[in-house]
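File shown: target-v8.txt (compact mmCIF, C-alpha atoms).
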# COMPACT_ATOMS: atom_id res chain seq x y z
CA MET T 1025 53.86 -0.87 73.30
CA SER T 1026 52.48 -3.62 75.57
CA GLY T 1027 50.22 -4.73 72.66
CA TRP T 1028 53.29 -5.47 70.54
CA ILE T 1029 54.90 -7.42 73.37
CA LEU T 1030 51.73 -9.48 73.78
CA ILE T 1031 51.59 -10.15 70.01
CA GLY T 1032 55.28 -11.08 70.04
CA LEU T 1033 54.78 -13.50 72.94
CA LEU T 1034 51.76 -15.09 71.27
CA ALA T 1035 53.72 -15.44 68.03
CA LEU T 1036 56.59 -17.07 69.93
CA VAL T 1037 54.23 -19.49 71.66
CA GLY T 1038 52.58 -20.26 68.30
CA VAL T 1039 55.92 -20.97 66.62
CA TRP T 1040 56.98 -23.13 69.57
CA LEU T 1041 53.71 -25.13 69.43
CA ILE T 1042 54.04 -25.69 65.69
CA THR T 1043 57.66 -26.77 66.02
CA SER T 1044 56.85 -29.09 68.91
CA TYR T 1045 53.89 -30.62 67.07
CA ASN T 1046 55.97 -31.18 63.93
CA ALA T 1047 58.68 -32.88 65.99
CA LEU T 1048 56.10 -35.27 67.45
CA VAL T 1049 54.71 -36.01 63.98
CA SER T 1050 58.24 -36.73 62.74
CA LEU T 1051 58.89 -39.13 65.61
CA ARG T 1052 55.56 -40.89 65.02
CA GLN T 1053 56.39 -41.31 61.33
CA ARG T 1054 59.84 -42.67 62.18
CA THR T 1055 58.19 -45.21 64.48
CA ASN T 1056 55.68 -46.20 61.77
CA GLN T 1057 58.48 -46.58 59.22
CA ALA T 1058 60.49 -48.70 61.63
CA PHE T 1059 57.50 -50.99 62.15
CA ALA T 1060 57.03 -51.25 58.38
CA ASP T 1061 60.67 -52.40 58.14
CA ILE T 1062 59.93 -55.15 60.66
CA ASP T 1063 56.86 -56.12 58.65
CA VAL T 1064 58.96 -56.53 55.47
CA GLN T 1065 61.37 -58.85 57.27
CA LEU T 1066 58.52 -60.83 58.80
CA LYS T 1067 56.96 -61.35 55.36
CA GLN T 1068 60.29 -62.67 54.03
CA ARG T 1069 60.55 -64.96 57.04
CA HIS T 1070 57.01 -66.24 56.54
CA ASP T 1071 57.70 -66.90 52.85
CA LEU T 1072 60.82 -68.99 53.60
CA ILE T 1073 59.23 -71.26 56.18
CA PRO T 1074 57.06 -73.39 53.85
CA ASN T 1075 60.13 -74.09 51.69
CA ILE T 1076 62.11 -75.21 54.73
CA VAL T 1077 59.27 -77.42 55.96
CA GLU T 1078 58.88 -79.03 52.53
CA THR T 1079 62.61 -79.76 52.40
CA VAL T 1080 62.57 -81.31 55.87
CA LYS T 1081 59.44 -83.38 55.08
CA GLY T 1082 61.38 -85.55 52.65
CA TYR T 1083 63.87 -86.55 55.32
CA ALA T 1084 61.87 -86.56 58.53
CA THR T 1085 58.52 -88.00 57.59
CA HIS T 1086 57.78 -89.41 61.06
CA GLU T 1087 58.32 -85.96 62.66
CA ARG T 1088 54.93 -84.74 61.54
CA SER T 1089 54.06 -83.03 64.84
CA THR T 1090 57.14 -80.77 64.68
CA LEU T 1091 56.42 -79.83 61.08
CA ASP T 1092 52.76 -79.18 61.87
CA ALA T 1093 53.77 -77.01 64.85
CA VAL T 1094 55.99 -74.87 62.62
CA ILE T 1095 53.24 -74.39 60.05
CA ALA T 1096 50.67 -73.61 62.76
CA ALA T 1097 53.03 -71.08 64.36
CA ARG T 1098 53.68 -69.50 60.96
CA ASN T 1099 49.97 -69.19 60.23
CA SER T 1100 49.37 -67.73 63.68
CA ALA T 1101 52.17 -65.20 63.18
CA MET T 1102 50.85 -64.20 59.76
CA SER T 1103 47.36 -63.60 61.10
CA ALA T 1104 48.43 -61.94 64.36
CA GLY T 1105 46.65 -58.67 64.81
CA GLY T 1106 45.69 -56.40 67.60
CA GLY T 1107 48.94 -54.60 68.00
CA THR T 1108 52.63 -54.91 68.50
CA ALA T 1109 52.47 -57.07 71.64
CA GLN T 1110 50.26 -59.72 70.02
CA GLN T 1111 52.41 -59.84 66.90
CA ALA T 1112 55.60 -60.05 68.96
CA ALA T 1113 54.14 -62.95 70.99
CA ALA T 1114 53.15 -64.83 67.83
CA GLU T 1115 56.59 -64.27 66.32
CA GLY T 1116 58.20 -65.50 69.52
CA LEU T 1117 56.24 -68.75 69.27
CA LEU T 1118 57.30 -69.08 65.64
CA SER T 1119 60.95 -68.59 66.64
CA GLY T 1120 60.58 -71.39 69.18
CA ALA T 1121 59.02 -73.72 66.62
CA LEU T 1122 61.79 -72.96 64.13
CA GLY T 1123 64.37 -73.70 66.79
CA LYS T 1124 62.82 -77.13 67.28
CA LEU T 1125 62.80 -77.69 63.52
CA PHE T 1126 66.50 -76.90 63.20
CA ALA T 1127 67.25 -79.08 66.22
CA LEU T 1128 65.38 -81.86 64.45
CA ALA T 1129 67.54 -81.34 61.37
CA GLU T 1130 70.61 -82.13 63.48
CA ALA T 1131 69.38 -85.71 63.80
CA TYR T 1132 69.35 -86.21 60.02
CA PRO T 1133 72.85 -86.03 58.49
CA ASP T 1134 71.50 -86.29 54.94
CA LEU T 1135 69.24 -83.30 55.59
CA LYS T 1136 72.07 -81.27 57.09
CA ALA T 1137 74.08 -81.93 53.89
CA ASN T 1138 71.21 -81.07 51.53
CA THR T 1139 72.17 -77.92 49.59
CA THR T 1140 68.59 -76.67 49.36
CA PHE T 1141 68.17 -76.98 53.12
CA LEU T 1142 71.51 -75.29 53.76
CA GLN T 1143 70.62 -72.45 51.40
CA LEU T 1144 67.21 -71.96 53.01
CA GLN T 1145 68.76 -72.11 56.48
CA THR T 1146 71.30 -69.44 55.44
CA GLU T 1147 68.57 -67.25 53.98
CA LEU T 1148 66.48 -67.60 57.13
CA SER T 1149 69.49 -66.76 59.27
CA ASP T 1150 70.06 -63.63 57.18
CA VAL T 1151 66.40 -62.63 57.54
CA GLU T 1152 66.56 -63.26 61.30
CA ASN T 1153 69.60 -60.97 61.57
CA LYS T 1154 67.86 -58.25 59.57
CA LEU T 1155 64.73 -58.72 61.67
CA SER T 1156 66.73 -58.35 64.86
CA ALA T 1157 68.26 -55.11 63.57
CA ALA T 1158 64.83 -53.83 62.50
CA ARG T 1159 63.40 -54.61 65.95
CA ARG T 1160 66.25 -52.72 67.62
CA PHE T 1161 65.65 -49.73 65.34
CA PHE T 1162 61.90 -49.85 65.99
CA ASN T 1163 62.33 -50.11 69.75
CA ASN T 1164 64.73 -47.16 69.68
CA ALA T 1165 62.23 -45.12 67.65
CA VAL T 1166 59.44 -46.08 70.06
CA SER T 1167 61.60 -45.08 73.02
CA GLU T 1168 62.28 -41.64 71.54
CA TYR T 1169 58.64 -41.17 70.57
CA ASN T 1170 57.30 -42.22 73.98
CA ALA T 1171 59.82 -39.99 75.74
CA ALA T 1172 58.78 -37.05 73.57
CA ILE T 1173 55.05 -37.41 74.25
CA GLN T 1174 55.65 -37.91 77.97
CA SER T 1175 57.97 -34.91 78.32
CA PHE T 1176 56.81 -31.56 79.56
CA PRO T 1177 55.19 -29.59 77.98
CA ALA T 1178 54.21 -32.01 75.18
CA MET T 1179 52.48 -34.18 77.78
CA LEU T 1180 49.92 -31.40 78.20
CA TYR T 1181 48.64 -31.65 74.63
CA ALA T 1182 50.08 -34.78 72.95
CA ALA T 1183 47.24 -37.16 73.89
CA LYS T 1184 44.62 -34.60 72.86
CA MET T 1185 46.27 -34.36 69.45
CA GLY T 1186 46.28 -38.11 68.86
CA PHE T 1187 49.79 -39.03 69.99
CA GLN T 1188 49.38 -42.31 71.85
CA HIS T 1189 51.91 -44.43 73.72
CA ARG T 1190 53.47 -47.17 71.55
CA GLU T 1191 54.53 -50.61 72.72
CA PHE T 1192 57.97 -52.09 72.13
CA PHE T 1193 58.38 -55.09 69.86
CA ASP T 1194 59.46 -57.49 72.58
CA LEU T 1195 59.41 -61.24 72.12
CA GLY T 1196 59.16 -61.56 75.89
CA GLU T 1197 58.51 -64.90 77.53
CA SER T 1198 57.61 -66.65 74.28
CA ARG T 1199 61.14 -66.29 72.93
CA PRO T 1200 63.21 -69.48 72.93
CA GLN T 1201 65.88 -69.71 75.58
CA LEU T 1202 69.22 -69.48 73.81
CA ASP T 1203 71.25 -70.85 76.70
CA VAL T 1204 69.32 -74.13 76.93
CA ALA T 1205 69.78 -76.79 74.24
CA PRO T 1206 66.49 -78.04 72.80
CA GLN T 1207 65.60 -81.66 73.56
CA VAL T 1208 64.94 -83.91 70.58
CA LYS T 1209 63.36 -87.28 71.31
CA PHE T 1210 62.56 -90.06 68.89
As structure tokens, the full file:
Amino acid sequence: MSGWILIGLLALVGVWLITSYNALVSLRQRTNQAFADIDVQLKQRHDLIPNIVETVKGYATHERSTLDAVIAARNSAMSAGGGTAQQAAAEGLLSGALGKLFALAEAYPDLKANTTFLQLQTELSDVENKLSAARRFFNNAVSEYNAAIQSFPAMLYAAKMGFQHREFFDLGESRPQLDVAPQVKF
């Protein structure tokens, strides 16, 4: 009789371990999918930037340093590797450079009225909104995943089974300050 109880307990523990492992795998996949969604939005953002810069070039030819800074930030963001934190930092710098570019556009009424520029600005704004939503979804998925691998009893075996802590996609200090108007000097 005690043999059957022992087998039953082992079976229960086995089912619990399998269920727990599968839940962690599901959370990891959700986190990976959420990051892939961010990546799609970043690619769209990176594709729009050269078109915006080319449109601005025709109107603001003596603002070469601002245009060069945007292109350099875009290239840096496209080649950012090494993890979520490095990519988030590069994207934050790109956001700052784009903010300066759009502040520059305010000084050129003809540029502000250009339909191509307005269309590109609208498209970029749409991508930025989608990117913001994707980051929120990713950070939520990361939060759930990290909580799951740090909870008892998963914390006893999660690291040994390859479940590692994930970083949030946080623009941090490199993000432009939204409450301070950018300074444009000529």
Go ahead and compute the interatomic distance for atom CA of Leu1148 of chain T and atom CA of Ile1076 of chain T, in Å to one decimal.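 Value for the atom CA of Leu1148 of chain T-atom CA of Ile1076 of chain T distance: 9.1 Å.
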Atom CA of Phe1161 of chain T to atom CA of Phe1126 of chain T, straight-line distance in Å: 27.3 Å
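Atom pair atom CA of Asn1164 of chain T / atom CA of Ile1073 of chain T has a distance of 28.2 Å (rounded to one decimal).
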Edge lengths and centre in Å, axis-aligned, segment 1048-1054 of chain T plus 4 Å each side, as JSON:
{"center_x": 57.3, "center_y": -39.0, "center_z": 64.4, "size_x": 13.1, "size_y": 15.4, "size_z": 14.1}
Could you give me, as an mmCIF file with C-alpha atoms, in the coordinates of the input, the residues within 12 Å of Thr1140 of chain T, counting all atoms listed in the file and dropping anything in the same chain fewer than 6 positions from it?
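Resulting contents of around-v1.cif:
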data_model
loop_
_atom_site.group_PDB
_atom_site.id
_atom_site.type_symbol
_atom_site.label_atom_id
_atom_site.label_comp_id
_atom_site.auth_asym_id
_atom_site.auth_seq_id
_atom_site.Cartn_x
_atom_site.Cartn_y
_atom_site.Cartn_z
ATOM 1 C CA LEU T 1072 60.820 -68.990 53.600
ATOM 2 C CA ASN T 1075 60.130 -74.090 51.690
ATOM 3 C CA ILE T 1076 62.110 -75.210 54.730
ATOM 4 C CA VAL T 1077 59.270 -77.420 55.960
ATOM 5 C CA GLU T 1078 58.880 -79.030 52.530
ATOM 6 C CA THR T 1079 62.610 -79.760 52.400
ATOM 7 C CA VAL T 1080 62.570 -81.310 55.870
ATOM 8 C CA GLY T 1082 61.380 -85.550 52.650
ATOM 9 C CA ASP T 1134 71.500 -86.290 54.940
ATOM 10 C CA THR T 1146 71.300 -69.440 55.440
ATOM 11 C CA GLU T 1147 68.570 -67.250 53.980
#
Sorted by chain and rising residue number, which residues of segment 1100-1191 of chain T lie within 10 Å of segment 1048-1064 of chain T, and what are their closest atom pairs and distances in Å to one decimal, counting all atoms listed in the file, as a tab-separated table?
residue	atom	partner	partner_atom	distance
T:Thr1108	CA	T:Phe1059	CA	8.9
T:Val1151	CA	T:Val1064	CA	9.8
T:Lys1154	CA	T:Ile1062	CA	8.6
T:Leu1155	CA	T:Ile1062	CA	6.1
T:Ser1156	CA	T:Ile1062	CA	8.6
T:Ala1157	CA	T:Ile1062	CA	8.8
T:Ala1158	CA	T:Ile1062	CA	5.4
T:Arg1159	CA	T:Ile1062	CA	6.3
T:Arg1160	CA	T:Ala1058	CA	9.2
T:Phe1161	CA	T:Ala1058	CA	6.4
T:Phe1162	CA	T:Ala1058	CA	4.7
T:Asn1163	CA	T:Thr1055	CA	8.3
T:Asn1164	CA	T:Thr1055	CA	8.6
T:Ala1165	CA	T:Thr1055	CA	5.1
T:Val1166	CA	T:Thr1055	CA	5.8
T:Ser1167	CA	T:Thr1055	CA	9.2
T:Glu1168	CA	T:Leu1051	CA	7.3
T:Tyr1169	CA	T:Leu1051	CA	5.4
T:Asn1170	CA	T:Leu1051	CA	9.1
T:Ala1172	CA	T:Leu1048	CA	6.9
T:Ile1173	CA	T:Leu1048	CA	7.2
T:Ala1178	CA	T:Leu1048	CA	8.6
T:Ala1182	CA	T:Leu1048	CA	8.2
T:Gly1186	CA	T:Val1049	CA	10.0
T:Phe1187	CA	T:Leu1048	CA	7.8
T:Gln1188	CA	T:Arg1052	CA	9.3
T:Arg1190	CA	T:Thr1055	CA	8.7
Counting only C-alpha atoms, which of T:Glu1087, T:Lys1067, T:Thr1043, T:Lys1124 gets nearest to Met1102 of chain T? T:Lys1067
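If all atoms listed in the file are the atoms counted, then among T:Leu1180, T:Leu1122, T:Leu1066, T:Leu1135 the closest residue to Ser1103 of chain T is T:Leu1066.
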Go through T:Ser1089, T:Lys1136, T:Pro1074, T:Gln1065 and flag the residue nearest Ser1149 of chain T, using only C-alpha atoms for the distances. T:Gln1065
When distances are computed from all atoms listed in the file, which of T:Ala1121, T:Ala1109, T:Met1179, T:Val1094 shows the smallest separation from Ser1044 of chain T?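 Looking at the shortest contact to Ser1044 of chain T, the residue is T:Met1179.
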